[in-house]
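Quick look at query06.csv (CSV, C-alpha atoms and all ligand atoms):
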```csv
chain,number,residue,atom,x,y,z
I,372,MET,CA,83.1,120.5,83.5
I,373,LYS,CA,84.7,118.8,86.5
I,374,LEU,CA,87.3,120.8,88.4
I,375,THR,CA,90.9,119.7,88.0
I,376,LYS,CA,93.6,119.9,90.7
I,377,GLN,CA,95.3,122.6,88.6
I,378,ASP,CA,92.1,124.7,88.7
I,379,VAL,CA,91.8,124.4,92.4
I,380,VAL,CA,95.4,125.1,93.4
I,381,ALA,CA,95.8,128.0,90.9
I,382,ARG,CA,93.0,129.9,92.7
I,383,PHE,CA,95.1,130.1,95.8
I,384,LEU,CA,98.5,131.0,94.3
I,385,PRO,CA,99.8,134.3,92.9
I,386,ALA,CA,99.8,134.3,89.1
I,387,THR,CA,103.6,133.7,89.0
I,388,LEU,CA,105.9,132.5,91.7
I,389,ALA,CA,109.5,133.6,92.3
I,390,GLU,CA,112.2,130.9,91.7
I,391,GLY,CA,113.2,129.2,94.9
I,392,ALA,CA,116.6,128.6,96.4
I,393,GLN,CA,116.3,125.5,98.5
I,394,ALA,CA,113.9,124.0,101.1
I,395,GLU,CA,113.5,121.0,103.3
I,396,ALA,CA,110.6,119.6,105.3
I,397,PHE,CA,109.6,116.6,107.4
I,398,ALA,CA,106.2,115.0,107.7
I,399,PRO,CA,105.2,112.0,109.9
I,400,SER,CA,103.5,108.9,108.7
I,401,ASN,CA,100.1,108.2,110.1
I,402,ILE,CA,97.9,105.3,111.0
I,403,ALA,CA,94.1,105.6,110.6
I,404,LEU,CA,92.0,104.5,113.5
I,405,CYS,CA,88.9,105.3,111.4
I,406,LYS,CA,89.9,104.5,107.8
I,407,TYR,CA,89.4,106.5,104.7
I,408,TRP,CA,88.1,104.1,102.1
I,409,GLY,CA,86.3,105.4,99.0
I,410,LYS,CA,86.3,108.6,97.0
I,411,ARG,CA,83.4,110.8,95.9
I,412,ASP,CA,85.8,112.6,93.5
I,413,LYS,CA,88.8,110.7,92.1
I,414,GLU,CA,90.5,113.8,90.6
I,415,LEU,CA,90.6,115.7,93.8
I,416,ASN,CA,90.8,112.7,96.2
I,417,LEU,CA,87.6,113.7,98.0
I,418,PRO,CA,86.5,111.0,100.4
I,419,ILE,CA,83.1,109.4,101.0
I,420,ASN,CA,83.7,109.4,104.8
I,421,SER,CA,85.7,111.4,107.4
I,422,SER,CA,88.6,109.7,109.0
I,423,LEU,CA,90.8,109.9,112.1
I,424,SER,CA,94.4,109.0,112.6
I,425,VAL,CA,97.4,109.2,114.8
I,426,SER,CA,100.7,110.4,113.4
I,427,LEU,CA,103.9,108.4,114.0
I,428,ALA,CA,106.1,111.1,115.6
I,429,HIS,CA,109.7,110.8,114.1
I,430,LEU,CA,108.8,108.1,111.6
I,431,GLY,CA,108.0,109.7,108.2
I,432,SER,CA,109.5,111.4,105.2
I,433,ARG,CA,112.1,114.2,104.8
I,434,THR,CA,112.0,116.0,101.5
I,435,ARG,CA,114.5,118.4,100.1
I,436,ILE,CA,114.0,120.6,97.1
I,437,THR,CA,117.0,122.3,95.3
I,438,PRO,CA,117.3,123.8,91.9
I,439,SER,CA,119.0,121.4,89.5
I,440,ASP,CA,122.3,122.6,87.9
I,441,ASP,CA,122.1,120.4,84.8
I,442,GLY,CA,118.8,121.7,83.4
I,443,ALA,CA,116.7,118.6,84.2
I,444,ASP,CA,114.4,117.5,86.9
I,445,HIS,CA,115.7,114.7,89.2
I,446,VAL,CA,113.7,112.6,91.7
I,447,LEU,CA,115.6,110.7,94.4
I,448,LEU,CA,114.2,108.2,96.9
I,449,ASN,CA,116.4,107.1,99.8
I,450,GLY,CA,119.4,108.3,97.9
I,451,GLU,CA,118.6,106.5,94.7
I,452,GLU,CA,117.7,108.4,91.5
I,453,GLN,CA,114.3,107.3,90.2
I,454,PRO,CA,113.8,107.2,86.4
I,455,LEU,CA,111.5,110.1,85.4
I,456,ASP,CA,109.1,107.6,83.7
I,457,SER,CA,108.7,105.6,86.9
I,458,LYS,CA,105.4,105.7,88.8
I,459,PHE,CA,107.0,107.3,91.8
I,460,ALA,CA,108.8,110.1,89.9
I,461,GLY,CA,105.7,110.7,87.7
I,462,LYS,CA,103.6,111.3,90.8
I,463,VAL,CA,106.2,113.6,92.4
I,464,ILE,CA,106.7,115.7,89.3
I,465,ALA,CA,102.9,115.9,88.6
I,466,PHE,CA,102.5,117.3,92.1
I,467,VAL,CA,105.3,119.7,91.8
I,468,GLU,CA,103.9,120.9,88.5
I,469,LEU,CA,100.7,122.1,90.3
I,470,PHE,CA,102.8,124.8,91.9
I,471,ARG,CA,105.7,125.4,89.4
I,472,ARG,CA,103.5,125.8,86.4
I,473,GLU,CA,105.1,128.1,83.8
I,474,LEU,CA,108.2,128.7,86.0
I,475,ASP,CA,111.1,127.2,84.0
I,476,GLN,CA,113.2,126.1,86.9
I,477,PRO,CA,114.3,122.4,86.9
I,478,LEU,CA,114.3,120.9,90.4
I,479,THR,CA,115.9,118.0,92.3
I,480,ILE,CA,113.4,116.5,94.7
I,481,ASP,CA,115.2,114.3,97.2
I,482,THR,CA,113.0,112.2,99.7
I,483,HIS,CA,114.2,110.0,102.5
I,484,ASN,CA,111.8,107.7,104.4
I,485,ASN,CA,112.9,106.7,107.8
I,486,ILE,CA,110.0,104.3,108.2
I,487,PRO,CA,111.7,100.9,108.5
I,488,THR,CA,111.1,99.4,105.0
I,489,ALA,CA,110.9,96.1,106.9
I,490,ALA,CA,107.7,97.3,108.5
I,491,GLY,CA,106.1,97.4,105.1
I,492,LEU,CA,104.4,100.7,105.8
I,493,ALA,CA,103.0,102.8,103.0
I,494,SER,CA,104.8,106.1,102.8
I,495,SER,CA,102.7,108.0,100.3
I,496,ALA,CA,101.0,109.9,103.2
I,497,SER,CA,104.2,111.3,104.7
I,498,GLY,CA,105.8,111.6,101.3
I,499,PHE,CA,103.1,113.9,99.8
I,500,ALA,CA,102.8,115.9,103.1
I,501,ALA,CA,106.6,116.4,103.3
I,502,LEU,CA,106.6,117.4,99.6
I,503,MET,CA,103.8,119.9,100.2
I,504,LEU,CA,105.5,121.4,103.2
I,505,ALA,CA,108.8,121.7,101.2
I,506,LEU,CA,107.1,123.3,98.2
I,507,ASP,CA,105.4,125.8,100.6
I,508,LYS,CA,108.8,126.8,101.9
I,509,PHE,CA,110.6,126.7,98.5
I,510,TYR,CA,108.2,129.0,96.8
I,511,ASP,CA,107.7,131.1,100.0
I,512,LEU,CA,103.9,130.6,99.9
I,513,ALA,CA,103.2,130.6,103.7
I,514,LEU,CA,99.9,128.8,103.2
I,515,GLU,CA,97.6,128.2,106.1
I,516,PRO,CA,97.7,124.6,107.5
I,517,GLN,CA,94.2,123.9,106.2
I,518,LEU,CA,95.3,124.7,102.6
I,519,LEU,CA,98.5,122.7,103.1
I,520,SER,CA,96.3,119.8,104.2
I,521,ALA,CA,93.8,120.2,101.3
I,522,PHE,CA,96.6,120.4,98.7
I,523,ALA,CA,98.5,117.4,100.2
I,524,ARG,CA,95.2,115.5,99.9
I,525,MET,CA,95.4,115.9,96.2
I,526,GLY,CA,98.7,114.0,96.2
I,527,SER,CA,97.3,111.2,98.3
I,528,GLY,CA,94.2,111.3,100.5
I,529,SER,CA,95.8,110.2,103.7
I,530,ALA,CA,98.6,112.8,103.2
I,531,SER,CA,96.0,115.4,104.3
I,532,ARG,CA,96.4,114.0,107.9
I,533,SER,CA,100.2,113.8,107.8
I,534,ILE,CA,100.5,117.6,107.9
I,535,TYR,CA,100.1,117.3,111.7
I,536,GLN,CA,101.4,115.3,114.6
I,537,GLY,CA,99.2,113.6,117.2
I,538,PHE,CA,95.5,112.7,116.6
I,539,VAL,CA,94.2,114.2,113.4
I,540,GLU,CA,90.7,114.2,111.9
I,541,TRP,CA,90.2,114.6,108.2
I,542,GLN,CA,86.7,116.0,107.6
I,543,MET,CA,85.2,114.7,104.4
I,544,GLY,CA,83.7,118.1,103.4
I,545,HIS,CA,80.9,118.6,100.9
I,546,ARG,CA,82.0,121.3,98.5
I,547,GLU,CA,82.6,120.4,94.9
I,548,ASP,CA,86.1,122.1,94.9
I,549,GLY,CA,86.9,120.1,98.0
I,550,MET,CA,88.2,123.1,99.9
I,551,ASP,CA,86.3,122.1,103.0
I,552,SER,CA,87.9,118.6,102.9
I,553,TYR,CA,91.0,119.0,105.0
I,554,ALA,CA,92.4,117.6,108.2
I,555,MET,CA,92.7,119.3,111.6
I,556,PRO,CA,94.7,118.2,114.7
I,557,LEU,CA,92.8,117.2,117.8
I,558,GLU,CA,94.0,119.0,120.9
I,559,GLN,CA,94.1,115.8,123.1
I,560,SER,CA,97.3,113.9,123.6
I,561,TRP,CA,97.8,110.4,125.0
I,562,PRO,CA,101.4,109.9,126.3
I,563,GLU,CA,101.0,106.2,127.1
I,564,LEU,CA,99.6,105.2,123.8
I,565,ARG,CA,101.8,102.9,121.8
I,566,VAL,CA,101.6,101.7,118.1
I,567,GLY,CA,103.5,98.5,117.3
I,568,LEU,CA,104.4,98.0,113.6
I,569,LEU,CA,104.2,94.3,112.9
I,570,LYS,CA,105.8,93.1,109.7
I,571,VAL,CA,104.0,90.2,108.1
I,572,ALA,CA,105.2,90.5,104.5
I,573,THR,CA,107.0,93.1,102.4
I,574,GLY,CA,107.0,93.7,98.6
I,575,GLU,CA,104.9,95.8,96.3
I,576,LYS,CA,101.2,95.1,96.6
I,577,LYS,CA,99.3,94.1,93.5
I,578,VAL,CA,96.4,96.4,93.9
I,579,ASP,CA,97.2,99.9,95.3
I,580,SER,CA,94.8,101.7,97.6
I,581,ARG,CA,93.5,104.0,94.8
I,582,ALA,CA,92.5,101.0,92.6
I,583,GLY,CA,91.4,99.0,95.6
I,584,MET,CA,89.0,101.6,96.9
I,585,GLN,CA,87.6,102.2,93.4
I,586,ARG,CA,86.9,98.5,92.9
I,587,THR,CA,85.2,98.4,96.3
I,588,VAL,CA,83.0,101.4,95.7
I,589,GLU,CA,82.0,100.1,92.3
I,590,THR,CA,81.4,96.4,93.0
I,591,ALA,CA,80.7,95.7,96.7
I,592,HIS,CA,77.1,96.0,97.8
I,593,LEU,CA,78.5,95.8,101.3
I,594,TYR,CA,80.2,99.1,100.8
I,595,GLN,CA,76.8,100.9,101.2
I,596,SER,CA,77.0,100.4,105.0
I,597,TRP,CA,80.6,101.6,105.2
I,598,PRO,CA,79.9,105.4,105.5
I,599,LEU,CA,77.5,104.7,108.4
I,600,GLN,CA,80.0,102.5,110.2
I,601,ALA,CA,82.8,105.1,109.7
I,602,ALA,CA,80.6,107.9,111.0
I,603,ALA,CA,79.7,106.0,114.1
I,604,ASP,CA,83.3,104.9,114.7
I,605,LEU,CA,84.6,108.4,114.4
I,606,GLU,CA,82.3,109.5,117.2
I,607,LYS,CA,83.3,106.6,119.4
I,608,LEU,CA,87.0,107.3,118.8
I,609,THR,CA,86.7,111.0,119.6
I,610,ASP,CA,84.9,110.1,122.8
I,611,ALA,CA,87.6,107.5,123.6
I,612,ILE,CA,90.3,110.0,123.1
I,613,VAL,CA,88.6,112.7,125.2
I,614,ARG,CA,88.1,110.1,128.0
I,615,ARG,CA,91.3,108.2,127.5
I,616,ASP,CA,89.3,105.0,127.3
I,617,PHE,CA,91.8,102.6,125.8
I,618,GLU,CA,89.4,99.7,125.4
I,619,LEU,CA,87.0,101.8,123.5
I,620,LEU,CA,89.8,103.2,121.3
I,621,GLY,CA,91.3,99.8,120.5
I,622,SER,CA,88.0,98.0,120.0
I,623,THR,CA,86.6,100.7,117.7
I,624,ALA,CA,89.8,100.9,115.7
I,625,GLU,CA,89.9,97.1,115.2
I,626,GLN,CA,86.3,96.8,114.3
I,627,ASN,CA,86.6,99.7,111.9
I,628,ALA,CA,89.6,98.1,110.1
I,629,LEU,CA,87.9,94.7,109.9
I,630,SER,CA,84.7,96.4,108.5
I,631,MET,CA,86.8,98.1,105.8
I,632,HIS,CA,88.4,94.8,104.9
I,633,ALA,CA,85.0,93.1,104.8
I,634,THR,CA,84.0,95.6,102.1
I,635,MET,CA,87.2,94.8,100.2
I,636,ILE,CA,86.6,91.0,100.4
I,637,ALA,CA,83.0,91.6,99.1
I,638,SER,CA,84.4,93.3,96.0
I,639,TRP,CA,84.7,91.6,92.6
I,640,PRO,CA,87.3,90.5,91.8
I,641,PRO,CA,87.8,89.9,95.5
I,642,LEU,CA,90.4,92.0,97.3
I,643,LEU,CA,92.1,90.3,100.2
I,644,TYR,CA,95.3,92.0,101.4
I,645,TRP,CA,95.8,89.4,104.2
I,646,GLN,CA,98.4,86.7,104.1
I,647,PRO,CA,98.2,83.5,106.1
I,648,ASP,CA,100.6,85.2,108.6
I,649,SER,CA,98.3,88.2,108.9
I,650,VAL,CA,95.5,85.9,110.0
I,651,ALA,CA,97.8,84.0,112.4
I,652,ALA,CA,98.8,87.4,114.0
I,653,MET,CA,95.1,88.3,114.4
I,654,HIS,CA,94.4,85.1,116.2
I,655,GLN,CA,97.4,85.7,118.4
I,656,VAL,CA,96.1,89.2,119.3
I,657,TRP,CA,92.7,87.7,120.1
I,658,GLN,CA,94.2,85.0,122.3
I,659,LEU,CA,96.4,87.4,124.2
I,660,ARG,CA,93.3,89.6,124.7
I,661,ALA,CA,91.3,86.6,125.9
I,662,ASP,CA,94.1,86.0,128.4
I,663,GLY,CA,93.8,89.5,129.8
I,664,LEU,CA,96.2,91.7,127.7
I,665,PRO,CA,94.6,94.9,126.5
I,666,LEU,CA,95.8,94.6,122.9
I,667,TYR,CA,94.1,95.5,119.6
I,668,PHE,CA,95.2,95.9,116.0
I,669,THR,CA,94.4,97.8,112.9
I,670,MET,CA,95.3,97.1,109.3
I,671,ASP,CA,95.5,99.1,106.1
I,672,ALA,CA,95.6,98.0,102.4
I,673,GLY,CA,98.4,95.5,103.0
I,674,PRO,CA,99.2,92.3,105.0
I,675,ASN,CA,100.8,94.0,108.0
I,676,LEU,CA,99.3,94.7,111.4
I,677,LYS,CA,99.6,97.8,113.5
I,678,LEU,CA,99.2,96.9,117.2
I,679,LEU,CA,97.6,99.3,119.7
I,680,PHE,CA,98.5,99.1,123.4
I,681,SER,CA,99.4,101.1,126.4
I,682,ALA,CA,103.0,101.7,127.6
I,683,GLU,CA,102.5,99.6,130.7
I,684,HIS,CA,102.0,96.5,128.5
I,685,GLN,CA,104.9,97.1,126.1
I,686,GLN,CA,107.1,94.4,127.6
I,687,ALA,CA,104.4,91.8,127.4
I,688,VAL,CA,103.5,92.7,123.8
I,689,CYS,CA,107.2,92.7,122.7
I,690,ASP,CA,107.7,89.3,124.3
I,691,ALA,CA,104.8,88.0,122.2
I,692,PHE,CA,105.8,89.6,119.0
I,693,GLU,CA,109.5,89.6,118.2
I,694,GLN,CA,110.9,92.4,116.1
I,695,LEU,CA,108.0,94.7,116.8
I,696,GLU,CA,108.9,98.3,116.0
I,697,VAL,CA,107.2,100.3,118.8
I,698,VAL,CA,106.3,104.0,118.3
I,699,ALA,CA,105.3,106.4,121.0
I,700,PRO,CA,103.2,109.0,119.1
I,701,PHE,CA,103.1,111.5,121.9
I,702,SER,CA,106.6,111.2,123.3
I,703,GLY,CA,108.3,114.6,123.7
I,801,LIG,O1,95.9,107.9,100.9
I,801,LIG,P1,95.8,106.6,100.2
I,801,LIG,O2,95.2,106.8,98.8
I,801,LIG,O3,97.1,105.8,100.2
I,801,LIG,O4,94.7,105.6,101.0
I,801,LIG,C1,94.9,105.2,102.3
I,801,LIG,C2,93.9,104.1,102.6
I,801,LIG,C3,94.1,103.4,104.0
I,801,LIG,O5,95.5,103.5,104.3
I,801,LIG,C4,93.7,102.0,103.8
I,801,LIG,C5,93.2,104.1,105.0
I,801,LIG,C6,93.7,105.4,105.6
I,801,LIG,O6,92.8,106.1,106.0
I,801,LIG,O7,94.9,105.7,105.7
```

Entire entry expressed as structure tokens:
Amino acid sequence: MKLTKQDVVARFLPATLAEGAQAEAFAPSNIALCKYWGKRDKELNLPINSSLSVSLAHLGSRTRITPSDDGADHVLLNGEEQPLDSKFAGKVIAFVELFRRELDQPLTIDTHNNIPTAAGLASSASGFAALMLALDKFYDLALEPQLLSAFARMGSGSASRSIYQGFVEWQMGHREDGMDSYAMPLEQSWPELRVGLLKVATGEKKVDSRAGMQRTVETAHLYQSWPLQAAADLEKLTDAIVRRDFELLGSTAEQNALSMHATMIASWPPLLYWQPDSVAAMHQVWQLRADGLPLYFTMDAGPNLKLLFSAEHQQAVCDAFEQLEVVAPFSG
């Protein structure tokens, strides 16, 4: 019998929880420099490889939980009520249910994302991390960060990393119950590092990351080399962070992202998240780099690019890419 999320979470909670009054929490969005792509356990979101990210400081999700006064659950996103049978509300309530269980207290879960929607950034990582942190406060659980990360992972894999700011490593773990699969912050900071969010296209993607990674694992022979690539890149990135070697950080992150996309393209039916404008932006980055600007990119399961550069080159990068949203992950 395979373990369910319910089985795993219940082991760490008291038999019954006291009703909560209200709670609010914030979690940052994060960008992986070494990507998580592929699950060894779909129910628990256990990854095939370890990953490493940088959190986006003030950009993320704020979630507030309050008891409902009309006897029903409510889920709001950016001030708008979401139908309970929508995909978004369904995921939120299913996650809340892991903790609420037999407690008969209807809740209102109100989430605001301050990630510019124009940047087309996924918000499931910060969303589930903020929800986990808010539930921890609401039910007065005082869970250890490692547990918060492991539980957030069950909402969305990358949410395990959004429990922390700064550089974060999510170790894949090997246990069947996944309790050794959680993220930890790295102690190093990098004040000059900048992440530029470059919007290429917005709109709902046709294949979400859950379905995309499953298709890749099941149909792409090329995927067999991915865990090796990811392990080698993680080592290089850790080294780059310790030595503040920007070229090594940027080149490793870019190659890692393109390797992940190569496995997607080699899936069947093929999975290509790029739009013509994504490819044009890649060529622009490569040209600027050839002209001497230390600029790299990474990309997730979507058409947008995230640019990596150092503060001293911010003006040059912003001159080249209009409407770039620049984040300083280690500012203050
Ligand atoms: O956490 P998920 O299921 O949304 O998957 C995230 C996948 C990538 O964004 C492509 C990579 C990553 O590590 O964040």

Practice problem: Give as a VMD selection string the residues surrounding ligand LIG 801 (chain I) up to a distance of 10 Å, considering only C-alpha atoms and all ligand atoms. | Solution: chain I and resid 400 to 410 416 418 420 to 424 492 to 497 499 523 to 533 541 579 to 584 628 631 to 632 670 to 673

Quiz prompt | Distance in Å - atom CA of Gly450 of chain I versus atom CA of Asp481 of chain I | solution =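 Atom CA of Gly450 of chain I sits 7.4 Å away from atom CA of Asp481 of chain I.
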
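The residue that comes closest to Ala398 of chain I, out of I:Gly567, I:Gly498, I:Gly663, I:Pro477 and on the basis of all atoms listed in the file, is I:Gly498.
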
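Between atom CA of Phe617 of chain I and atom CA of Ala572 of chain I the separation is 27.9 Å.
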
Skip segment 373-380 of chain I itself and residues of its chain fewer than 3 positions away, then list as a PDB file with C-alpha atoms, in the frame of the given file all residues within 10 Å of it, counting all atoms listed in the file.
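The new file selection37.pdb reads:
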```
ATOM      1  CA  PHE I 383      95.100 130.100  95.800  1.00  0.00           C
ATOM      2  CA  LEU I 384      98.500 131.000  94.300  1.00  0.00           C
ATOM      3  CA  ASP I 412      85.800 112.600  93.500  1.00  0.00           C
ATOM      4  CA  GLU I 414      90.500 113.800  90.600  1.00  0.00           C
ATOM      5  CA  LEU I 415      90.600 115.700  93.800  1.00  0.00           C
ATOM      6  CA  ASN I 416      90.800 112.700  96.200  1.00  0.00           C
ATOM      7  CA  PHE I 466     102.500 117.300  92.100  1.00  0.00           C
ATOM      8  CA  GLU I 468     103.900 120.900  88.500  1.00  0.00           C
ATOM      9  CA  LEU I 469     100.700 122.100  90.300  1.00  0.00           C
ATOM     10  CA  PHE I 470     102.800 124.800  91.900  1.00  0.00           C
ATOM     11  CA  ARG I 472     103.500 125.800  86.400  1.00  0.00           C
ATOM     12  CA  LEU I 518      95.300 124.700 102.600  1.00  0.00           C
ATOM     13  CA  ALA I 521      93.800 120.200 101.300  1.00  0.00           C
ATOM     14  CA  PHE I 522      96.600 120.400  98.700  1.00  0.00           C
ATOM     15  CA  MET I 525      95.400 115.900  96.200  1.00  0.00           C
ATOM     16  CA  GLY I 526      98.700 114.000  96.200  1.00  0.00           C
ATOM     17  CA  GLU I 547      82.600 120.400  94.900  1.00  0.00           C
ATOM     18  CA  ASP I 548      86.100 122.100  94.900  1.00  0.00           C
ATOM     19  CA  GLY I 549      86.900 120.100  98.000  1.00  0.00           C
ATOM     20  CA  MET I 550      88.200 123.100  99.900  1.00  0.00           C
TER      21      MET I 550
END
```

Practice problem: Give me, please, the distance in Å between atom CA of Ala381 of chain I and atom CA of Val467 of chain I, quoted to one decimal. | Solution: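 A separation of 12.6 Å between them.
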
Exercise. Show which residues sit within 9 Å of Val650 of chain I, as a ChimeraX atom specification. Count only C-alpha atoms, and ignore same-chain residues fewer than 5 positions away.
Key: /I:645,655,674

Practice problem: Within 9 Å of Pro598 of chain I, counting all atoms listed in the file, which residues show up once you throw out same-chain ones fewer than 2 positions away? Write them as a list in words, please. | Solution: Trp408, Ile419, Asn420, Ser421, Tyr594, Gln595, Ser596, Gln600, Ala601, Ala602 and Ala603 of chain I

Where atoms are missing, can you supply N, CA and C atoms for segment 446-469 of chain I and output the lot as a short mmCIF file (atom, residue, chain, number, x, y, z; two decimals), keeping the file's coordinate frame?
```
data_model
loop_
_atom_site.label_atom_id
_atom_site.label_comp_id
_atom_site.auth_asym_id
_atom_site.auth_seq_id
_atom_site.Cartn_x
_atom_site.Cartn_y
_atom_site.Cartn_z
N VAL I 446 114.49 113.09 90.53
CA VAL I 446 113.70 112.60 91.70
C VAL I 446 114.51 111.50 92.34
N LEU I 447 114.80 111.69 93.63
CA LEU I 447 115.60 110.70 94.40
C LEU I 447 114.72 110.12 95.51
N LEU I 448 114.85 108.82 95.74
CA LEU I 448 114.20 108.20 96.90
C LEU I 448 115.21 107.41 97.68
N ASN I 449 115.36 107.77 98.93
CA ASN I 449 116.40 107.10 99.80
C ASN I 449 117.73 107.08 99.12
N GLY I 450 118.10 108.19 98.50
CA GLY I 450 119.40 108.30 97.90
C GLY I 450 119.55 107.74 96.50
N GLU I 451 118.50 107.10 96.00
CA GLU I 451 118.60 106.50 94.70
C GLU I 451 117.78 107.27 93.65
N GLU I 452 118.42 107.63 92.53
CA GLU I 452 117.70 108.40 91.50
C GLU I 452 116.62 107.47 90.88
N GLN I 453 115.41 108.02 90.74
CA GLN I 453 114.30 107.30 90.20
C GLN I 453 114.09 107.73 88.72
N PRO I 454 113.98 106.82 87.76
CA PRO I 454 113.80 107.20 86.40
C PRO I 454 112.51 108.11 86.29
N LEU I 455 112.59 109.16 85.45
CA LEU I 455 111.50 110.10 85.40
C LEU I 455 110.19 109.44 84.88
N ASP I 456 110.32 108.31 84.17
CA ASP I 456 109.10 107.60 83.70
C ASP I 456 108.61 106.57 84.68
N SER I 457 109.22 106.52 85.88
CA SER I 457 108.70 105.60 86.90
C SER I 457 107.45 106.13 87.52
N LYS I 458 106.66 105.25 88.14
CA LYS I 458 105.40 105.70 88.80
C LYS I 458 105.68 106.69 89.86
N PHE I 459 106.71 106.40 90.66
CA PHE I 459 107.00 107.30 91.80
C PHE I 459 107.39 108.69 91.31
N ALA I 460 108.36 108.77 90.38
CA ALA I 460 108.80 110.10 89.90
C ALA I 460 107.67 110.81 89.19
N GLY I 461 106.88 110.07 88.46
CA GLY I 461 105.70 110.70 87.70
C GLY I 461 104.79 111.37 88.69
N LYS I 462 104.49 110.72 89.80
CA LYS I 462 103.60 111.30 90.80
C LYS I 462 104.18 112.55 91.44
N VAL I 463 105.48 112.45 91.76
CA VAL I 463 106.20 113.60 92.40
C VAL I 463 106.18 114.78 91.49
N ILE I 464 106.60 114.56 90.25
CA ILE I 464 106.70 115.70 89.30
C ILE I 464 105.31 116.28 89.01
N ALA I 465 104.31 115.42 88.87
CA ALA I 465 102.90 115.90 88.60
C ALA I 465 102.49 116.83 89.76
N PHE I 466 102.86 116.45 90.98
CA PHE I 466 102.50 117.30 92.10
C PHE I 466 103.22 118.60 92.15
N VAL I 467 104.52 118.53 91.89
CA VAL I 467 105.30 119.70 91.80
C VAL I 467 104.80 120.70 90.78
N GLU I 468 104.37 120.13 89.67
CA GLU I 468 103.90 120.90 88.50
C GLU I 468 102.65 121.76 88.90
N LEU I 469 101.87 121.31 89.89
CA LEU I 469 100.70 122.10 90.30
C LEU I 469 101.11 123.47 90.80
#
```
